[in-house]
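Text of upload15.cif (mmCIF, C-alpha atoms and all ligand atoms) as supplied:
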```
data_structure
loop_
_atom_site.label_atom_id
_atom_site.label_comp_id
_atom_site.auth_asym_id
_atom_site.auth_seq_id
_atom_site.Cartn_x
_atom_site.Cartn_y
_atom_site.Cartn_z
CA MET A 374 52.60 15.11 85.13
CA ASP A 375 51.78 12.64 82.34
CA LYS A 376 50.23 13.90 79.11
CA PRO A 377 46.51 14.79 79.03
CA LEU A 378 43.98 12.15 77.97
CA VAL A 379 42.51 12.72 74.50
CA ILE A 380 39.01 11.45 73.66
CA LEU A 381 37.57 11.86 70.14
CA VAL A 382 33.80 11.65 69.62
CA ALA A 383 32.55 11.29 66.02
CA GLY A 384 29.13 10.57 64.49
CA GLY A 385 26.76 12.10 61.96
CA SER A 386 25.22 15.51 62.41
CA ALA A 387 22.69 15.46 65.30
CA SER A 388 23.54 11.87 66.19
CA GLY A 389 23.93 12.99 69.81
CA LYS A 390 27.69 13.62 70.15
CA SER A 391 27.33 16.59 72.53
CA THR A 392 24.63 14.80 74.51
CA VAL A 393 26.77 11.69 74.95
CA VAL A 394 29.81 13.77 75.98
CA GLN A 395 27.69 15.43 78.67
CA GLU A 396 26.46 12.02 79.89
CA ILE A 397 30.06 10.79 80.19
CA LEU A 398 31.11 13.90 82.13
CA ASP A 399 28.10 13.72 84.46
CA LYS A 400 28.60 10.02 85.20
CA ALA A 401 32.35 10.32 85.66
CA GLY A 402 32.03 13.49 87.75
CA LEU A 403 34.91 14.94 85.74
CA GLU A 404 35.72 18.63 86.01
CA ASP A 405 39.30 19.06 84.79
CA VAL A 406 38.10 18.77 81.18
CA ILE A 407 38.26 20.81 77.97
CA ILE A 408 35.53 20.17 75.40
CA ILE A 409 36.44 21.29 71.89
CA ASN A 410 33.94 21.28 69.06
CA HIS A 411 35.49 20.58 65.67
CA ASP A 412 32.81 22.96 64.27
CA ASP A 413 34.83 25.87 65.67
CA TYR A 414 37.57 24.93 63.19
CA TYR A 415 35.47 25.46 60.04
CA LEU A 416 37.51 27.68 57.71
CA ASP A 417 37.12 31.41 58.07
CA GLN A 418 34.88 32.70 55.27
CA LYS A 419 34.53 36.36 56.13
CA ASP A 420 35.87 37.36 52.69
CA LEU A 421 33.15 35.37 50.87
CA PRO A 422 29.76 37.01 50.20
CA MET A 423 26.81 35.45 52.05
CA GLU A 424 25.28 33.93 48.89
CA LYS A 425 28.52 31.96 48.35
CA ARG A 426 28.72 30.84 51.99
CA TYR A 427 25.33 29.10 51.61
CA LEU A 428 26.74 26.95 48.83
CA ILE A 429 29.80 25.56 50.64
CA ASN A 430 29.90 21.85 51.38
CA TYR A 431 30.30 21.86 55.17
CA ASP A 432 30.31 18.09 55.40
CA HIS A 433 33.46 17.62 53.32
CA PRO A 434 36.81 17.17 55.14
CA ARG A 435 38.29 20.13 53.22
CA SER A 436 35.87 22.57 54.90
CA LEU A 437 37.74 22.23 58.20
CA ASP A 438 41.05 23.75 59.32
CA ASN A 439 42.64 20.53 60.56
CA GLU A 440 46.14 22.02 60.51
CA LEU A 441 45.11 24.55 63.16
CA LEU A 442 43.24 21.94 65.21
CA TYR A 443 46.25 19.59 65.13
CA LYS A 444 48.55 22.41 66.24
CA ASP A 445 46.14 23.35 69.06
CA ILE A 446 45.84 19.76 70.34
CA LYS A 447 49.63 19.39 70.32
CA ALA A 448 49.93 22.63 72.34
CA LEU A 449 47.38 21.42 74.90
CA LEU A 450 49.22 18.09 75.12
CA ASN A 451 52.32 20.12 76.04
CA PHE A 452 50.27 21.93 78.71
CA GLU A 453 50.32 25.19 76.71
CA PRO A 454 47.19 27.39 76.42
CA ILE A 455 45.54 28.05 73.05
CA ASP A 456 43.44 30.81 71.48
CA LYS A 457 40.61 28.88 69.85
CA PRO A 458 38.36 30.25 67.09
CA VAL A 459 34.60 30.37 67.74
CA TYR A 460 32.24 29.56 64.84
CA ASP A 461 29.03 31.48 64.11
CA PHE A 462 26.47 29.19 62.44
CA GLU A 463 24.06 32.04 61.69
CA LYS A 464 26.75 33.85 59.66
CA PHE A 465 28.35 30.68 58.20
CA THR A 466 31.81 31.83 59.28
CA ARG A 467 34.11 32.33 62.27
CA SER A 468 32.92 34.94 64.72
CA GLU A 469 35.05 37.83 65.93
CA LYS A 470 35.43 36.02 69.27
CA ILE A 471 38.49 34.07 70.37
CA GLU A 472 38.36 31.71 73.34
CA HIS A 473 41.45 31.45 75.53
CA VAL A 474 41.63 27.77 76.57
CA LEU A 475 43.85 26.65 79.42
CA PRO A 476 45.35 23.14 79.39
CA LYS A 477 43.58 20.45 81.41
CA LYS A 478 43.97 16.75 82.21
CA ILE A 479 41.28 15.60 79.77
CA ILE A 480 40.66 16.92 76.24
CA ILE A 481 37.44 15.85 74.50
CA ILE A 482 37.04 16.79 70.84
CA GLU A 483 33.77 16.13 69.08
CA GLY A 484 32.83 16.51 65.44
CA ILE A 485 31.32 14.76 62.44
CA LEU A 486 34.74 14.31 60.78
CA ILE A 487 37.03 14.10 63.80
CA LEU A 488 38.03 10.49 63.02
CA GLU A 489 38.60 11.22 59.34
CA ASN A 490 41.99 12.90 59.70
CA PRO A 491 44.79 10.34 60.31
CA ARG A 492 47.12 12.72 62.18
CA ILE A 493 44.38 13.82 64.59
CA ARG A 494 43.11 10.24 64.97
CA GLU A 495 46.55 9.13 66.12
CA LEU A 496 46.47 11.54 69.05
CA ALA A 497 43.45 9.77 70.61
CA ASP A 498 43.51 7.56 73.69
CA ILE A 499 39.83 6.68 73.26
CA SER A 500 37.77 7.03 70.06
CA ILE A 501 33.99 6.92 70.08
CA PHE A 502 31.39 6.89 67.28
CA VAL A 503 27.76 7.78 68.08
CA GLU A 504 25.28 5.95 65.83
CA LEU A 505 21.76 6.97 64.87
CA ASP A 506 19.66 6.30 61.76
CA ASP A 507 19.44 8.97 59.03
CA ASP A 508 15.74 9.80 59.52
CA THR A 509 16.02 10.49 63.24
CA ARG A 510 19.16 12.52 62.72
CA PHE A 511 17.47 14.58 60.02
CA ILE A 512 14.47 15.31 62.27
CA ARG A 513 16.66 16.27 65.23
CA ARG A 514 18.89 18.43 63.03
CA MET A 515 15.90 20.20 61.48
CA LEU A 516 14.42 21.06 64.88
CA ARG A 517 17.79 22.16 66.27
CA ASP A 518 18.88 24.22 63.24
CA MET A 519 15.59 26.13 63.10
CA LYS A 520 15.72 26.84 66.84
CA GLU A 521 19.43 27.36 67.47
CA ARG A 522 21.22 28.04 64.18
CA GLY A 523 18.84 30.52 62.53
CA ARG A 524 18.07 28.29 59.53
CA SER A 525 14.91 28.09 57.39
CA LEU A 526 13.19 24.79 56.67
CA GLU A 527 13.91 25.21 52.95
CA ASN A 528 17.64 25.75 53.55
CA ILE A 529 17.81 22.74 55.90
CA VAL A 530 16.12 20.39 53.44
CA LEU A 531 18.20 21.55 50.44
CA GLN A 532 21.49 21.29 52.34
CA TYR A 533 20.57 17.87 53.71
CA GLN A 534 19.85 16.44 50.26
CA LYS A 535 22.75 18.10 48.48
CA THR A 536 25.62 17.57 50.93
CA VAL A 537 24.79 16.42 54.49
CA LYS A 538 23.42 12.98 53.60
CA PRO A 539 25.79 12.04 50.73
CA MET A 540 28.88 13.21 52.64
CA PHE A 541 27.78 11.27 55.71
CA HIS A 542 27.79 8.06 53.71
CA LYS A 543 31.01 8.89 51.86
CA TYR A 544 33.23 10.35 54.61
CA ILE A 545 31.68 10.07 58.06
CA LYS A 546 30.12 6.62 58.33
CA PRO A 547 33.31 4.84 57.12
CA THR A 548 35.24 6.30 60.11
CA LYS A 549 33.28 3.98 62.39
CA ARG A 550 36.04 1.47 61.83
CA TYR A 551 38.47 3.68 63.74
CA ALA A 552 36.29 3.85 66.86
CA ASP A 553 37.03 1.85 70.01
CA VAL A 554 33.38 2.09 71.04
CA LEU A 555 30.16 2.50 69.04
CA ILE A 556 27.34 4.13 71.00
CA PRO A 557 23.78 3.56 69.73
CA ASN A 558 21.75 6.69 70.44
CA ASP A 559 18.39 5.23 69.43
CA THR A 560 18.33 2.80 72.32
CA LYS A 561 19.53 2.82 75.89
CA HIS A 562 23.29 3.26 75.98
CA ALA A 563 23.97 3.50 79.71
CA ILE A 564 26.25 0.45 79.70
CA ALA A 565 28.39 1.79 76.85
CA VAL A 566 28.73 5.08 78.74
CA ASP A 567 29.63 3.19 81.96
CA LEU A 568 32.36 1.27 80.12
CA ILE A 569 33.84 4.48 78.74
CA VAL A 570 33.75 6.11 82.18
CA ALA A 571 35.53 3.07 83.68
CA LYS A 572 38.21 3.22 80.98
CA ILE A 573 38.77 6.95 81.53
CA LYS A 574 39.19 6.37 85.27
CA GLN A 575 41.58 3.47 84.64
CA ILE A 576 43.80 5.52 82.32
CA LEU A 577 43.79 8.52 84.68
CA GLY A 578 44.68 6.22 87.60
CA GLU A 579 47.63 4.77 85.66
CA ARG A 580 48.88 8.25 84.73
CA LYS A 581 48.83 9.76 88.23
N1 LIG D 601 18.75 10.13 73.06
C1 LIG D 601 18.13 11.24 72.64
N2 LIG D 601 16.77 11.32 72.64
C2 LIG D 601 16.14 12.44 72.20
N3 LIG D 601 16.77 13.56 71.75
C3 LIG D 601 18.11 13.53 71.73
C4 LIG D 601 18.86 12.39 72.18
N4 LIG D 601 20.19 12.66 72.02
C5 LIG D 601 20.25 13.91 71.51
N5 LIG D 601 19.01 14.44 71.34
C6 LIG D 601 18.68 15.78 70.80
O1 LIG D 601 19.06 15.79 69.41
C7 LIG D 601 19.63 17.05 69.06
C8 LIG D 601 21.05 16.81 68.53
O2 LIG D 601 21.83 16.28 69.60
P1 LIG D 601 23.35 16.74 69.81
O3 LIG D 601 23.87 16.03 71.01
O4 LIG D 601 23.44 18.23 69.78
O5 LIG D 601 23.96 16.13 68.46
P2 LIG D 601 25.38 16.37 67.77
O6 LIG D 601 26.31 16.93 68.82
O7 LIG D 601 25.79 15.00 67.30
O8 LIG D 601 25.15 17.28 66.61
C9 LIG D 601 19.61 17.92 70.32
O9 LIG D 601 18.48 18.75 70.26
C10 LIG D 601 19.48 16.89 71.46
O10 LIG D 601 18.81 17.43 72.56
O1 LIG D 602 28.38 27.12 58.38
C1 LIG D 602 28.06 25.94 58.62
C2 LIG D 602 28.94 25.00 59.15
C3 LIG D 602 28.50 23.71 59.41
N1 LIG D 602 27.22 23.37 59.14
C4 LIG D 602 26.72 22.01 59.45
O2 LIG D 602 27.03 21.64 60.78
C5 LIG D 602 27.05 20.22 60.87
C6 LIG D 602 27.99 19.75 61.95
O3 LIG D 602 27.55 20.15 63.22
P1 LIG D 602 26.77 19.12 64.20
O4 LIG D 602 26.71 19.89 65.49
O5 LIG D 602 27.61 17.88 64.30
O6 LIG D 602 25.43 18.85 63.60
C7 LIG D 602 27.49 19.70 59.51
O7 LIG D 602 26.68 18.61 59.10
C8 LIG D 602 27.32 20.92 58.57
O8 LIG D 602 26.43 20.64 57.53
C9 LIG D 602 26.35 24.29 58.61
O9 LIG D 602 25.16 23.97 58.36
N2 LIG D 602 26.79 25.55 58.36
#
```
Can you dump the structure from the file as C-alpha cells?
Ligand SMILES: Nc1ncnc2c1ncn2[C@@H]1O[C@H](COP(=O)(O)OP(=O)(O)O)[C@@H](O)[C@H]1O
Ligand SMILES: O=c1ccn([C@@H]2O[C@H](COP(=O)(O)O)[C@@H](O)[C@H]2O)c(=O)[nH]1
Amino acid sequence: MDKPLVILVAGGSASGKSTVVQEILDKAGLEDVIIINHDDYYLDQKDLPMEKRYLINYDHPRSLDNELLYKDIKALLNFEPIDKPVYDFEKFTRSEKIEHVLPKKIIIIEGILILENPRIRELADISIFVELDDDTRFIRRMLRDMKERGRSLENIVLQYQKTVKPMFHKYIKPTKRYADVLIPNDTKHAIAVDLIVAKIKQILGERK
C-alpha cells in the first residue's frame, strides 16, 4: 500500500480548524482517518507549579514538542502505531492518559502552529489555513474556554493581550504562505471544502 495521505490544518486559535476538519470528513464520507491535535504535543509541565504554568507563552513555537510529533508522524507514515500524549487544558499540562493510535490511510493534523515547523510542513500532501478576523476569534475563544477549558474571563483576557494576539501576528499568520488553500470561516466556505474533498479523493484514487 502507498503511504498515508497527510493533511495539515493551521489557523489562529478558534478560527474554526476543528469545525472545518469535521466538515471535510462529513462531506468526503471518510472513515479511515486519524485526527491529531497539535495541542496534545504541548510540552509536559507536571514539574512546574501551577502559578508558573499560567505564565507560559502557549502561542510560541517553543511551547510544543515538535520532535515527538515529527517522530509520531513518521511512524504512522510507516504504518506503525503510536502512543500519543493527551493534553489537559484545565491543568495546563499533559494528562496521565496515553492514546494508542493505529495507522490509517489519512492523517489530519490541526494546530495553530502546524505550518510553522519546516520538517513537519514537508510531510504534508495538502496544507490548509483557516482564516477569521481577530475579534470573532477572540469572542469564540472566550466562550469556548469558559465552557470547555475551565478558564476565567480575567485569565482569558490577560492571556489574549499578552501572548495569544501578538504571537498570532508574529508566528501564525505568516504561515498562510505555506498553505495550498485558505478557508475563510466568516463567510460561506462550502466551495473551498468541496475542492479539498475532490483533491483528497483524487490523491487516494491515484494511490490505490
Ligand atoms: N462558522 C462558524 N460559525 C459559528 N461558530 C463557529 C464557526 N466555526 C466554528 N465555530 C465555533 O467557534 C469555536 C471555535 O471553533 P473550533 O473549530 O473549535 O476552532 P479551532 O479548532 O480553530 O480552535 C467553537 O465553539 C465552534 O463551534
Ligand atoms: O495550557 C495551555 C495550552 C494551550 N493554550 C492555548 O490553546 C490555544 C490553541 O488551541 P486552539 O484549539 O487552536 O484554540 C493557543 O492559542 C494557546 O494559547 C492554553 O490556553 N493553555
TODO: For a cut-off of 8 Å around (52.7, 17.1, 77.0), file coordinates, pick out all residues using only C-alpha atoms and list them as a count of residues only.
DONE: 9
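With distances restricted to all atoms listed in the file, A:Ser388 is the closest residue to ligand LIG 601 (chain D) from A:Ser500, A:Thr509, A:Ser388, A:Gln534.
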Open item on the list: Here is a test: counting all atoms listed in the file, which residue of A:Gly384, A:Pro476, A:Pro434, A:Pro547 is nearest to ligand LIG 601 (chain D)?
Closed with: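 Closest to ligand LIG 601 (chain D) of all the choices is A:Gly384.
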Task: All residues 8 Å or closer to Tyr431 of chain A, all atoms listed in the file, same chain fewer than 5 positions away omitted, as a PyMOL selection string - done: chain A and resi 415+436+536-537
TODO: Just give me the gap between atom P2 of ligand LIG 601 (chain D) and atom CA of Gly389 of chain A in Å, one decimal is fine.
DONE: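 For atom P2 of ligand LIG 601 (chain D) relative to atom CA of Gly389 of chain A, the distance reads 4.2 Å.
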Open item on the list: Taking (47.4, 13.1, 92.4) as a centre in this file's frame and 12 Å as the limit, can you find every polymer residue with an atom that close, using all atoms listed in the file, and give them as a PyMOL selection string?
Closed with: chain A and resi 374-375+478+577-581
Open item on the list: Just the number, please: distance in Å from atom CA of Asp498 of chain A to atom N5 of ligand LIG 601 (chain D), one decimal.
Closed with: 25.6 Å
Task: Nearest candidate to Asp432 of chain A (options A:Lys535, A:Asp507, A:Ile407, A:Glu483; using all atoms listed in the file) - done: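 Closest to Asp432 of chain A of all the choices is A:Lys535.
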7 Å shell around ligand LIG 601 (chain D) using all atoms listed in the file, listed as an mmCIF file with C-alpha atoms, in the frame of the given file:
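Final file, out.cif:
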```cif
data_model
loop_
_atom_site.group_PDB
_atom_site.id
_atom_site.type_symbol
_atom_site.label_atom_id
_atom_site.label_comp_id
_atom_site.auth_asym_id
_atom_site.auth_seq_id
_atom_site.Cartn_x
_atom_site.Cartn_y
_atom_site.Cartn_z
ATOM 1 C CA GLY A 384 29.130 10.570 64.490
ATOM 2 C CA GLY A 385 26.760 12.100 61.960
ATOM 3 C CA SER A 386 25.220 15.510 62.410
ATOM 4 C CA ALA A 387 22.690 15.460 65.300
ATOM 5 C CA SER A 388 23.540 11.870 66.190
ATOM 6 C CA GLY A 389 23.930 12.990 69.810
ATOM 7 C CA LYS A 390 27.690 13.620 70.150
ATOM 8 C CA SER A 391 27.330 16.590 72.530
ATOM 9 C CA THR A 392 24.630 14.800 74.510
ATOM 10 C CA VAL A 393 26.770 11.690 74.950
ATOM 11 C CA ARG A 513 16.660 16.270 65.230
ATOM 12 C CA ARG A 514 18.890 18.430 63.030
ATOM 13 C CA ARG A 517 17.790 22.160 66.270
ATOM 14 C CA ASN A 558 21.750 6.690 70.440
ATOM 15 C CA ASP A 559 18.390 5.230 69.430
#
```
Task: Distance criterion (only C-alpha atoms and all ligand atoms): nearest to ligand LIG 602 (chain D) out of A:Ala401, A:Ile480, A:Ala383, A:Ile573 - done: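 Result for the nearest residue to ligand LIG 602 (chain D): A:Ala383.
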Open item on the list: So the first atom is atom CA of Glu396 of chain A and the second is atom CA of Ile409 of chain A; what is the distance between them in Å, to one decimal place?
Closed with: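 Straight-line distance from atom CA of Glu396 of chain A to atom CA of Ile409 of chain A works out to 15.8 Å.
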Open item on the list: When you look at Thr560 of chain A with a cut-off of 12 Å (counting only C-alpha atoms), what residues show up, excluding the ones that are within fewer than 3 positions of it in the same chain? I need them as number ranges by chain.
Closed with: A: 389, 503-506, 556-557, 563-565
TODO: Give the answer as one residue: which of A:Arg435, A:Lys538, A:Arg524, A:Arg550 has the shortest atom-to-atom distance to Phe511 of chain A, using only C-alpha atoms?
DONE: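 Between A:Arg435, A:Lys538, A:Arg524, A:Arg550, the residue approaching Phe511 of chain A most closely is A:Lys538.
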Task: Spatial neighbours of Val459 of chain A, max dist 7 Å, all atoms listed in the file, sep filter under 2 positions, as a PyMOL selection string - done: chain A and resi 413+457+461+467-468+470-472
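The residue that comes closest to Leu441 of chain A, out of A:Lys520, A:Arg510, A:Lys419, A:His411 and on the basis of all atoms listed in the file, is A:His411.
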Open item on the list: List the spatial neighbours of His473 of chain A as a PyMOL selection string - criterion: any atom at most 8 Å away, all atoms listed in the file, same-chain residues fewer than 4 positions off excluded.
Closed with: chain A and resi 454-457
